[in-house]
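Raw contents of query-v3.tsv, TSV, C-alpha atoms:
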```tsv
chain	number	residue	atom	x	y	z
A	1	MET	CA	108.80	-96.64	160.81
A	2	SER	CA	109.80	-92.98	160.69
A	3	ASP	CA	113.52	-93.88	160.64
A	4	LEU	CA	113.12	-96.10	157.58
A	5	HIS	CA	110.91	-93.52	155.92
A	6	GLU	CA	113.52	-90.80	156.44
A	7	ARG	CA	116.30	-93.10	155.24
A	8	ALA	CA	114.30	-93.77	152.07
A	9	ARG	CA	114.03	-90.04	151.39
A	10	ALA	CA	117.78	-89.62	151.90
A	11	LEU	CA	118.56	-92.55	149.62
A	12	ASP	CA	116.31	-91.12	146.92
A	13	ALA	CA	118.00	-87.73	147.24
A	14	ALA	CA	121.40	-89.36	146.66
A	15	ASP	CA	120.21	-91.67	143.87
A	16	GLU	CA	122.19	-91.02	140.66
A	17	LEU	CA	119.50	-92.76	138.59
A	18	ALA	CA	116.55	-90.88	140.08
A	19	ALA	CA	116.18	-88.56	137.08
A	20	VAL	CA	115.66	-91.54	134.74
A	21	ARG	CA	112.20	-92.10	136.22
A	22	ALA	CA	110.91	-89.18	134.14
A	23	ASP	CA	111.63	-91.24	131.02
A	24	PHE	CA	108.77	-93.61	131.90
A	25	VAL	CA	104.98	-93.33	132.10
A	26	LEU	CA	104.12	-93.96	135.75
A	27	ASP	CA	101.52	-93.09	138.36
A	28	ASP	CA	101.22	-93.31	142.13
A	29	VAL	CA	101.08	-97.10	142.13
A	30	VAL	CA	104.19	-98.84	143.46
A	31	TYR	CA	105.03	-101.00	140.45
A	32	LEU	CA	107.03	-104.07	141.49
A	33	ASP	CA	106.19	-106.25	138.50
A	34	GLY	CA	108.76	-105.02	135.99
A	35	ASN	CA	110.22	-108.53	136.00
A	36	SER	CA	107.01	-109.59	134.19
A	37	LEU	CA	106.24	-106.47	132.14
A	38	GLY	CA	108.32	-103.32	132.23
A	39	ALA	CA	106.74	-99.88	132.42
A	40	LEU	CA	106.11	-97.86	129.26
A	41	PRO	CA	109.04	-95.61	128.22
A	42	ALA	CA	107.67	-92.14	127.52
A	43	ASN	CA	109.24	-91.90	124.05
A	44	VAL	CA	107.69	-95.12	122.70
A	45	PRO	CA	104.17	-93.83	121.80
A	46	GLY	CA	105.57	-91.08	119.59
A	47	ARG	CA	108.00	-93.45	117.92
A	48	VAL	CA	105.34	-96.06	117.18
A	49	ASP	CA	103.01	-93.33	115.92
A	50	ASP	CA	105.71	-92.22	113.47
A	51	VAL	CA	106.28	-95.81	112.33
A	52	VAL	CA	102.58	-96.29	111.70
A	53	ARG	CA	101.68	-92.93	110.16
A	54	ARG	CA	104.81	-92.01	108.22
A	55	GLU	CA	106.91	-95.13	107.66
A	56	TRP	CA	103.98	-97.45	106.99
A	57	GLY	CA	101.29	-94.89	106.08
A	58	ARG	CA	103.27	-92.75	103.61
A	59	LEU	CA	106.44	-94.61	102.67
A	60	ARG	CA	104.82	-98.05	102.74
A	61	ILE	CA	107.04	-100.68	101.05
A	62	ARG	CA	109.89	-98.18	100.72
A	63	SER	CA	110.41	-98.33	104.48
A	64	TRP	CA	112.07	-101.73	104.24
A	65	THR	CA	115.09	-99.88	102.87
A	66	GLU	CA	114.54	-96.17	103.52
A	67	SER	CA	113.47	-96.59	107.15
A	68	GLY	CA	115.84	-99.47	107.91
A	69	TRP	CA	113.17	-102.08	108.53
A	70	TRP	CA	115.14	-104.85	106.87
A	71	THR	CA	118.23	-104.44	109.05
A	72	ALA	CA	116.31	-103.83	112.30
A	73	PRO	CA	116.88	-107.32	113.80
A	74	GLU	CA	120.67	-106.94	113.72
A	75	ARG	CA	120.68	-103.20	114.48
A	76	ILE	CA	118.57	-103.63	117.59
A	77	GLY	CA	120.55	-106.74	118.49
A	78	ASP	CA	123.63	-104.55	118.62
A	79	LEU	CA	121.82	-102.25	121.08
A	80	ILE	CA	121.12	-105.19	123.37
A	81	ALA	CA	124.60	-106.69	122.98
A	82	PRO	CA	126.44	-104.41	125.44
A	83	LEU	CA	123.74	-104.99	128.05
A	84	VAL	CA	124.55	-108.72	128.03
A	85	GLY	CA	128.29	-108.33	127.54
A	86	ALA	CA	128.50	-109.19	123.86
A	87	ALA	CA	130.45	-107.59	121.04
A	88	PRO	CA	128.48	-106.41	117.99
A	89	GLY	CA	127.34	-108.91	115.39
A	90	GLN	CA	126.35	-111.70	117.77
A	91	VAL	CA	122.78	-110.81	118.78
A	92	VAL	CA	119.76	-110.88	116.50
A	93	VAL	CA	116.25	-109.78	117.54
A	94	GLY	CA	113.08	-111.55	116.49
A	95	ASP	CA	110.52	-114.23	117.35
A	96	SER	CA	109.58	-115.19	120.91
A	97	THR	CA	111.81	-116.50	123.67
A	98	SER	CA	110.26	-119.95	123.23
A	99	VAL	CA	111.10	-120.02	119.51
A	100	ASN	CA	114.64	-118.85	120.22
A	101	VAL	CA	115.11	-121.49	122.92
A	102	PHE	CA	114.15	-124.07	120.31
A	103	LYS	CA	116.60	-122.67	117.76
A	104	ALA	CA	119.39	-122.46	120.32
A	105	LEU	CA	118.88	-125.89	121.85
A	106	VAL	CA	118.62	-127.81	118.59
A	107	GLY	CA	121.51	-125.76	117.25
A	108	ALA	CA	123.52	-126.61	120.37
A	109	VAL	CA	122.98	-130.35	119.94
A	110	ARG	CA	124.09	-130.08	116.32
A	111	LEU	CA	127.18	-128.12	117.36
A	112	ALA	CA	128.04	-130.76	119.96
A	113	GLY	CA	128.39	-133.39	117.25
A	114	GLU	CA	128.17	-137.18	117.10
A	115	GLY	CA	128.16	-139.35	120.18
A	116	ARG	CA	126.47	-136.82	122.44
A	117	ASP	CA	122.82	-137.55	123.06
A	118	GLU	CA	121.83	-135.99	126.37
A	119	ILE	CA	120.42	-132.56	127.20
A	120	LEU	CA	120.66	-131.27	130.75
A	121	VAL	CA	117.93	-128.85	131.80
A	122	ASP	CA	117.56	-126.68	134.89
A	123	ALA	CA	115.21	-128.66	137.15
A	124	ALA	CA	113.44	-125.47	138.28
A	125	THR	CA	113.27	-123.94	134.82
A	126	PHE	CA	110.42	-121.83	133.52
A	127	PRO	CA	107.98	-124.44	132.14
A	128	THR	CA	108.29	-123.42	128.48
A	129	ASP	CA	112.04	-124.09	128.49
A	130	GLY	CA	111.32	-127.60	129.71
A	131	TYR	CA	108.63	-128.17	127.10
A	132	ILE	CA	110.90	-126.95	124.32
A	133	ALA	CA	113.79	-129.07	125.59
A	134	ALA	CA	111.61	-132.18	125.50
A	135	SER	CA	110.56	-131.46	121.93
A	136	ALA	CA	114.13	-130.68	120.85
A	137	ALA	CA	115.25	-133.94	122.40
A	138	ARG	CA	112.66	-135.92	120.45
A	139	MET	CA	113.79	-134.28	117.23
A	140	THR	CA	117.49	-134.86	117.81
A	141	GLY	CA	117.36	-138.31	119.38
A	142	CYS	CA	118.50	-137.07	122.78
A	143	ALA	CA	117.36	-137.81	126.30
A	144	VAL	CA	116.53	-134.99	128.70
A	145	ARG	CA	117.70	-134.97	132.30
A	146	ALA	CA	116.60	-132.33	134.79
A	147	VAL	CA	119.22	-131.29	137.33
A	148	ALA	CA	119.64	-128.44	139.79
A	149	PRO	CA	122.13	-125.88	138.44
A	150	ALA	CA	124.51	-126.50	141.34
A	151	GLU	CA	124.58	-130.19	140.38
A	152	VAL	CA	125.46	-129.59	136.72
A	153	PRO	CA	129.25	-130.05	137.08
A	154	ASP	CA	128.76	-133.53	138.56
A	155	ALA	CA	126.04	-134.42	136.03
A	156	LEU	CA	128.12	-133.60	132.95
A	157	GLY	CA	129.58	-136.48	131.01
A	158	PRO	CA	130.93	-137.56	127.61
A	159	ARG	CA	127.39	-137.93	126.26
A	160	THR	CA	126.21	-134.46	127.30
A	161	ALA	CA	125.39	-132.42	124.21
A	162	ALA	CA	123.81	-129.26	125.59
A	163	VAL	CA	122.98	-127.65	128.91
A	164	LEU	CA	120.02	-125.23	129.18
A	165	LEU	CA	120.08	-123.05	132.29
A	166	ASN	CA	118.28	-119.97	133.61
A	167	HIS	CA	120.56	-117.17	134.75
A	168	VAL	CA	118.01	-116.11	137.39
A	169	ASP	CA	115.37	-118.46	138.79
A	170	TYR	CA	112.00	-116.93	137.92
A	171	ARG	CA	110.36	-118.04	141.18
A	172	THR	CA	113.01	-117.40	143.80
A	173	GLY	CA	115.18	-114.73	142.21
A	174	ARG	CA	118.32	-116.83	142.78
A	175	LEU	CA	121.19	-115.77	140.51
A	176	HIS	CA	123.09	-118.80	139.26
A	177	ASP	CA	126.84	-118.98	138.68
A	178	LEU	CA	127.04	-118.31	134.95
A	179	PRO	CA	130.86	-118.06	134.80
A	180	GLY	CA	131.49	-121.25	136.77
A	181	LEU	CA	128.78	-123.34	135.17
A	182	THR	CA	129.71	-122.21	131.67
A	183	ALA	CA	133.32	-123.17	132.30
A	184	ALA	CA	132.24	-126.61	133.54
A	185	VAL	CA	130.07	-127.17	130.46
A	186	ARG	CA	132.90	-126.10	128.16
A	187	ALA	CA	135.41	-128.37	129.94
A	188	ALA	CA	133.06	-131.31	129.40
A	189	GLY	CA	132.89	-130.61	125.67
A	190	ALA	CA	129.20	-129.68	125.77
A	191	VAL	CA	127.44	-126.53	124.55
A	192	SER	CA	125.97	-123.97	126.96
A	193	VAL	CA	122.60	-122.29	126.41
A	194	TRP	CA	121.56	-119.59	128.88
A	195	ASP	CA	118.10	-118.08	129.34
A	196	LEU	CA	118.63	-114.41	130.31
A	197	CYS	CA	114.99	-113.36	130.65
A	198	HIS	CA	115.35	-112.30	134.28
A	199	SER	CA	118.86	-110.86	134.13
A	200	ALA	CA	119.28	-108.83	130.93
A	201	GLY	CA	118.82	-105.17	131.77
A	202	ALA	CA	119.08	-105.83	135.49
A	203	LEU	CA	122.67	-106.95	136.00
A	204	PRO	CA	125.92	-107.57	134.08
A	205	VAL	CA	125.93	-110.89	132.20
A	206	GLY	CA	129.29	-111.13	130.45
A	207	LEU	CA	128.47	-113.52	127.61
A	208	ASP	CA	131.72	-112.94	125.72
A	209	GLU	CA	133.89	-112.70	128.81
A	210	HIS	CA	132.69	-116.01	130.22
A	211	GLY	CA	132.63	-117.98	126.98
A	212	VAL	CA	128.89	-118.61	126.73
A	213	ASP	CA	128.03	-120.47	123.53
A	214	LEU	CA	124.37	-119.54	122.96
A	215	ALA	CA	121.86	-117.42	124.85
A	216	VAL	CA	118.28	-116.22	124.55
A	217	GLY	CA	116.13	-113.69	126.32
A	218	CYS	CA	112.97	-111.63	126.21
A	219	THR	CA	112.77	-107.85	125.99
A	220	TYR	CA	109.53	-107.02	127.79
A	221	LYS	CA	110.83	-107.33	131.36
A	222	PHE	CA	113.82	-105.23	132.43
A	223	LEU	CA	114.34	-103.95	128.87
A	224	ASN	CA	110.81	-102.45	128.85
A	225	GLY	CA	110.08	-103.36	125.23
A	226	GLY	CA	106.33	-103.78	125.71
A	227	PRO	CA	103.93	-106.74	125.83
A	228	GLY	CA	105.04	-109.45	123.42
A	229	SER	CA	108.05	-107.47	122.21
A	230	PRO	CA	110.44	-109.68	120.23
A	231	ALA	CA	113.07	-111.78	121.94
A	232	TYR	CA	116.72	-112.17	120.95
A	233	LEU	CA	119.25	-114.88	120.18
A	234	TYR	CA	122.98	-114.71	120.91
A	235	VAL	CA	125.29	-116.89	118.85
A	236	ARG	CA	128.93	-116.63	119.85
A	237	ASP	CA	131.01	-115.51	116.88
A	238	ALA	CA	133.15	-118.66	117.04
A	239	HIS	CA	130.03	-120.78	116.43
A	240	GLN	CA	128.30	-118.71	113.78
A	241	ALA	CA	129.76	-120.50	110.76
A	242	ALA	CA	128.64	-123.88	112.12
A	243	PHE	CA	125.35	-122.84	113.74
A	244	ASP	CA	122.61	-124.89	112.05
A	245	SER	CA	119.21	-123.44	112.91
A	246	PRO	CA	116.29	-125.87	112.89
A	247	LEU	CA	114.12	-123.08	111.44
A	248	PRO	CA	115.84	-122.06	108.19
A	249	GLY	CA	113.48	-119.33	107.03
A	250	TRP	CA	113.88	-117.08	104.02
A	251	ASN	CA	115.05	-114.18	106.19
A	252	SER	CA	118.17	-116.12	107.17
A	253	HIS	CA	119.03	-117.12	103.59
A	254	ALA	CA	122.27	-115.87	102.10
A	255	GLU	CA	120.18	-114.48	99.21
A	256	PRO	CA	116.71	-113.91	100.67
A	257	PHE	CA	115.37	-112.34	97.50
A	258	GLY	CA	116.96	-114.90	95.22
A	259	MET	CA	113.97	-117.17	95.94
A	260	ARG	CA	116.11	-120.24	95.39
A	261	PRO	CA	114.65	-123.64	96.34
A	262	GLU	CA	117.88	-124.68	98.06
A	263	TYR	CA	118.67	-123.19	101.44
A	264	GLU	CA	122.02	-121.51	102.04
A	265	ALA	CA	122.49	-119.90	105.43
A	266	ALA	CA	123.59	-116.29	105.67
A	267	GLU	CA	126.80	-115.45	107.48
A	268	GLY	CA	126.88	-114.25	111.05
A	269	ALA	CA	124.05	-113.84	113.53
A	270	VAL	CA	121.66	-113.21	110.63
A	271	ARG	CA	121.24	-116.97	110.33
A	272	GLY	CA	119.24	-116.79	113.56
A	273	ARG	CA	116.45	-114.97	111.69
A	274	VAL	CA	113.46	-116.92	110.35
A	275	GLY	CA	110.57	-114.99	108.81
A	276	THR	CA	109.51	-111.41	108.24
A	277	PRO	CA	110.35	-109.25	111.30
A	278	ASP	CA	107.50	-107.94	113.45
A	279	ILE	CA	108.30	-104.32	112.68
A	280	LEU	CA	105.81	-102.43	114.88
A	281	SER	CA	106.84	-104.09	118.14
A	282	MET	CA	110.48	-104.27	117.08
A	283	LEU	CA	110.75	-100.53	116.49
A	284	GLY	CA	108.87	-99.87	119.72
A	285	LEU	CA	111.60	-101.91	121.42
A	286	GLU	CA	114.28	-99.89	119.67
A	287	ALA	CA	112.78	-96.71	121.10
A	288	ALA	CA	112.60	-98.26	124.57
A	289	LEU	CA	116.30	-99.09	124.47
A	290	GLU	CA	117.22	-95.42	123.98
A	291	VAL	CA	117.27	-94.95	127.77
A	292	TRP	CA	120.52	-96.94	127.83
A	293	SER	CA	122.22	-94.24	125.76
A	294	ARG	CA	121.89	-91.72	128.60
A	295	PRO	CA	125.31	-90.88	130.08
A	296	ASP	CA	124.04	-91.53	133.61
A	297	VAL	CA	122.75	-95.04	132.79
A	298	SER	CA	124.98	-98.10	132.79
A	299	ILE	CA	124.34	-101.73	133.60
A	300	GLU	CA	126.80	-101.44	136.49
A	301	ALA	CA	124.89	-98.49	138.00
A	302	VAL	CA	121.62	-100.37	137.56
A	303	ARG	CA	123.04	-103.43	139.32
A	304	ALA	CA	124.34	-101.36	142.25
A	305	LYS	CA	120.94	-99.72	142.72
A	306	SER	CA	119.14	-103.05	142.32
A	307	LEU	CA	121.09	-104.54	145.20
A	308	ALA	CA	120.52	-101.44	147.32
A	309	LEU	CA	116.76	-101.53	146.62
A	310	THR	CA	116.38	-105.22	147.40
A	311	ASP	CA	118.53	-104.90	150.53
A	312	PHE	CA	116.36	-102.02	151.73
A	313	PHE	CA	113.12	-103.85	150.95
A	314	LEU	CA	114.22	-106.91	152.92
A	315	GLU	CA	115.19	-104.65	155.83
A	316	CYS	CA	111.80	-102.93	155.74
A	317	VAL	CA	109.96	-106.25	155.55
A	318	GLU	CA	111.87	-107.52	158.57
A	319	ALA	CA	111.02	-104.32	160.48
A	320	TYR	CA	107.34	-104.05	159.54
A	321	VAL	CA	105.98	-107.55	158.96
A	322	PRO	CA	105.12	-109.72	161.98
A	323	ALA	CA	107.76	-112.37	162.62
A	324	GLY	CA	107.09	-115.68	160.90
A	325	ARG	CA	104.39	-114.30	158.62
A	326	VAL	CA	106.59	-114.40	155.50
A	327	GLU	CA	109.86	-116.15	154.70
A	328	PRO	CA	112.36	-114.74	152.19
A	329	VAL	CA	113.38	-117.36	149.63
A	330	THR	CA	115.61	-115.06	147.60
A	331	PRO	CA	119.25	-115.48	148.68
A	332	ALA	CA	120.66	-112.79	150.94
A	333	ALA	CA	124.11	-112.94	149.31
A	334	HIS	CA	124.49	-110.37	146.56
A	335	ALA	CA	126.35	-112.81	144.31
A	336	GLU	CA	123.31	-115.10	144.41
A	337	ARG	CA	120.52	-112.54	144.00
A	338	GLY	CA	118.88	-111.26	140.85
A	339	SER	CA	116.68	-108.15	140.80
A	340	GLN	CA	113.64	-109.54	142.58
A	341	VAL	CA	112.61	-110.63	146.06
A	342	ALA	CA	110.41	-113.67	146.62
A	343	LEU	CA	108.64	-114.15	149.93
A	344	ARG	CA	106.99	-117.42	150.89
A	345	CYS	CA	103.54	-116.81	152.36
A	346	ALA	CA	100.87	-119.44	153.03
A	347	ASP	CA	98.03	-117.35	151.58
A	348	ALA	CA	100.15	-115.64	148.93
A	349	GLY	CA	97.48	-115.52	146.23
A	350	ALA	CA	94.94	-113.73	148.39
A	351	VAL	CA	97.59	-111.44	149.87
A	352	MET	CA	98.76	-110.33	146.42
A	353	GLU	CA	95.19	-109.50	145.42
A	354	ARG	CA	94.90	-107.25	148.49
A	355	LEU	CA	98.28	-105.65	147.78
A	356	ILE	CA	97.31	-104.79	144.23
A	357	ALA	CA	94.03	-103.30	145.43
A	358	ALA	CA	96.04	-101.19	147.89
A	359	GLY	CA	98.33	-99.85	145.15
A	360	VAL	CA	101.34	-102.17	145.37
A	361	VAL	CA	101.66	-104.34	142.26
A	362	GLY	CA	103.72	-107.51	142.44
A	363	ASP	CA	102.70	-111.00	141.40
A	364	PHE	CA	101.96	-114.45	142.76
A	365	ARG	CA	103.64	-117.71	141.80
A	366	ALA	CA	102.05	-120.96	142.86
A	367	PRO	CA	101.86	-122.37	145.34
A	368	ASP	CA	102.95	-119.83	147.95
A	369	VAL	CA	105.30	-117.15	146.59
A	370	LEU	CA	104.84	-113.37	146.63
A	371	ARG	CA	107.18	-112.07	143.93
A	372	PHE	CA	108.42	-108.47	143.73
A	373	GLY	CA	110.55	-107.20	140.86
A	374	PHE	CA	112.84	-104.18	141.22
A	375	THR	CA	113.54	-102.12	138.11
A	376	PRO	CA	116.14	-99.54	139.14
A	377	LEU	CA	115.54	-97.26	136.17
A	378	TYR	CA	112.20	-96.11	137.53
A	379	LEU	CA	111.84	-97.38	141.10
A	380	GLY	CA	112.75	-95.34	144.17
A	381	PHE	CA	113.52	-96.14	147.79
A	382	ALA	CA	110.45	-94.36	149.16
A	383	GLU	CA	108.28	-96.64	147.03
A	384	VAL	CA	110.12	-99.66	148.39
A	385	GLU	CA	109.49	-98.55	151.97
A	386	ARG	CA	105.84	-97.91	151.16
A	387	ALA	CA	105.50	-101.36	149.60
A	388	ALA	CA	106.83	-103.08	152.72
A	389	ARG	CA	104.58	-100.98	154.94
A	390	VAL	CA	101.49	-101.81	152.86
A	391	LEU	CA	102.45	-105.48	152.87
A	392	ALA	CA	102.54	-105.43	156.66
A	393	GLU	CA	99.14	-103.71	156.77
A	394	GLN	CA	97.55	-106.27	154.43
A	395	LEU	CA	99.01	-109.18	156.35
```
Would you put the structure from the file into structure tokens?
Amino acid sequence: MSDLHERARALDAADELAAVRADFVLDDVVYLDGNSLGALPANVPGRVDDVVRREWGRLRIRSWTESGWWTAPERIGDLIAPLVGAAPGQVVVGDSTSVNVFKALVGAVRLAGEGRDEILVDAATFPTDGYIAASAARMTGCAVRAVAPAEVPDALGPRTAAVLLNHVDYRTGRLHDLPGLTAAVRAAGAVSVWDLCHSAGALPVGLDEHGVDLAVGCTYKFLNGGPGSPAYLYVRDAHQAAFDSPLPGWNSHAEPFGMRPEYEAAEGAVRGRVGTPDILSMLGLEAALEVWSRPDVSIEAVRAKSLALTDFFLECVEAYVPAGRVEPVTPAAHAERGSQVALRCADAGAVMERLIAAGVVGDFRAPDVLRFGFTPLYLGFAEVERAARVLAEQL
């Protein structure tokens, strides 16, 4: 135990991201649930207070122009864009992930064109994505087929319209092959839709580089935007002129204040907007994203530390936990691992309750998975060692 403890201290001393921890509101709890809700960035309360008291309280309606409220969805989208490997003008922020999945999936089927009437969906997808896919299929006259991501290339055919996949499996933490699968979808003439909820802010994505068509993601996990912070929609620039959103709200109209009865879509990613932006949470998110402007913070540095943290945690678990008591289900290979570690444990629900009571916060996914998320911006190696040690004690 002492060897791992000393190694953790040495790793923390050499950690180039260690100073970033001071940018977050934290305590002595080991917080390993940032893949569900990120910690509070220290600058957000002051920013939200200013939005409420000055921008809303004093400027009131003038803030739509004077405080930049109206352009916030695209402005904040451009802050997220480099974190997912997108050039400016392709990401718009607003609505929930579920709503954006619906927009993207129906839009993908419409982009695919006539003669394509099948939607492929990740068989292990987060439930909402599956529910939305089923509804989108009913609306567009498509059939839905669930397949494992690795089986997508063989499942593609001339009738495939769209393929909805998760970049990282929310249960196991498996990182799927976005470049290879996107290329296979493109070669088959179908449209790719990626859910980035568990990868954006944790690892490089490369949307532009790999030719992804459409993508969605939330901002309250590794982007630390706060509970219910607005999601985002990526529409590749090559598709923007033809992207036909199933939710043509007034905010995406070419002349939103023209109040015309006929709908005419705006140009660019703006056509992914629907209704009035949720300004309070959106500007809280904008403040949270400021951490990525630090010169010592890059998505590549975050990914390197994420892999080091998860490697070290798995090593500590193997050293401390009795053999056979837990089974890692997150892949060991770096190319197949997101920024979480999932451990199969027969009494996982009860174990997680004891862990939380002992000051180590992860979460439980039915039926038997202990899930631990690793946010490199504010997590250190000593905390990782402590978490594994407490896990062994509770087991």
Do a neighbour search on region 280-286 of chain A at 12 Å with all atoms listed in the file, toss out local chain neighbours closer than 3 positions, and write the hits as JSON, numbers by chain. {"A": [38, 40, 41, 42, 43, 44, 45, 46, 47, 48, 49, 50, 51, 52, 53, 55, 56, 67, 68, 69, 70, 71, 72, 73, 74, 75, 76, 77, 78, 79, 80, 92, 93, 94, 95, 96, 218, 219, 220, 221, 222, 223, 224, 225, 226, 227, 228, 229, 230, 231, 232, 276, 277, 289, 290, 291, 292, 293]}
Distance query 12 Å from (111.7, -132.9, 127.4) using all atoms listed in the file, result as a count of residues only: 30
May I have the residues within 12 Å of Pro256 (chain A) as a short mmCIF file (atom, residue, chain, number, x, y, z; two decimals) with C-alpha atoms, keeping the file's coordinate frame, using only C-alpha atoms and disregarding those fewer than 5 positions away in the same chain?
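Saved file around.cif follows:
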```
data_model
loop_
_atom_site.label_atom_id
_atom_site.label_comp_id
_atom_site.auth_asym_id
_atom_site.auth_seq_id
_atom_site.Cartn_x
_atom_site.Cartn_y
_atom_site.Cartn_z
CA TRP A 70 115.14 -104.85 106.87
CA PRO A 248 115.84 -122.06 108.19
CA GLY A 249 113.48 -119.33 107.03
CA TRP A 250 113.88 -117.08 104.02
CA ASN A 251 115.05 -114.18 106.19
CA PRO A 261 114.65 -123.64 96.34
CA GLU A 262 117.88 -124.68 98.06
CA TYR A 263 118.67 -123.19 101.44
CA GLU A 264 122.02 -121.51 102.04
CA ALA A 265 122.49 -119.90 105.43
CA ALA A 266 123.59 -116.29 105.67
CA VAL A 270 121.66 -113.21 110.63
CA ARG A 271 121.24 -116.97 110.33
CA ARG A 273 116.45 -114.97 111.69
CA VAL A 274 113.46 -116.92 110.35
CA GLY A 275 110.57 -114.99 108.81
CA THR A 276 109.51 -111.41 108.24
#
```
From the options A:Leu178, A:Ala18, A:Ala241, A:Val168, which residue's atoms come nearest to Gly107 (chain A), counting all atoms listed in the file?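 Looking only at the distances to Gly107 (chain A), the closest residue turns out to be A:Ala241.
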Could you list, as a list of chain:residue names, every residue within 8 Å of His239 (chain A), counting all atoms listed in the file and ignoring same-chain residues fewer than 3 positions away?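 My list of contacting residues is A:Leu111, A:Asp213, A:Val235, A:Arg236, A:Ala242, A:Phe243.
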Residue neighbourhood Glu209 (chain A), 9 Å, only C-alpha atoms, exclusion window fewer than 4 positions, as a ChimeraX atom specification: /A:85-86,179,205
Residue selection dump (C-alpha atoms) as a JSON list (two decimals), keeping the file's coordinate frame:
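So the final result, stored in part.json, reads:
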```
[["chain", "number", "residue", "atom", "x", "y", "z"],
["A", 85, "GLY", "CA", 128.29, -108.33, 127.54],
["A", 86, "ALA", "CA", 128.50, -109.19, 123.86],
["A", 179, "PRO", "CA", 130.86, -118.06, 134.80],
["A", 205, "VAL", "CA", 125.93, -110.89, 132.20]]
```
Just give me the gap between CA of Ala332 (chain A) and CA of Val212 (chain A) in Å, one decimal is fine.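 Calculated distance between CA of Ala332 (chain A) and CA of Val212 (chain A) is 26.2 Å.
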Distance query Glu300 (chain A) at most 9 Å, all atoms listed in the file, self and fewer than 4 positions along chain excluded, as an MDAnalysis selection string: chainID A and resid 202:204 304:305
For CA of Arg260 (chain A) and CA of Leu247 (chain A), quote the distance in Å rounded to one decimal. 16.4 Å
Determine the nearest neighbour of Asp33 (chain A) from the options A:Leu175, A:Ala366, A:Ala301, A:Val361, counting all atoms listed in the file.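 Among the listed residues, the smallest separation from Asp33 (chain A) belongs to A:Val361.
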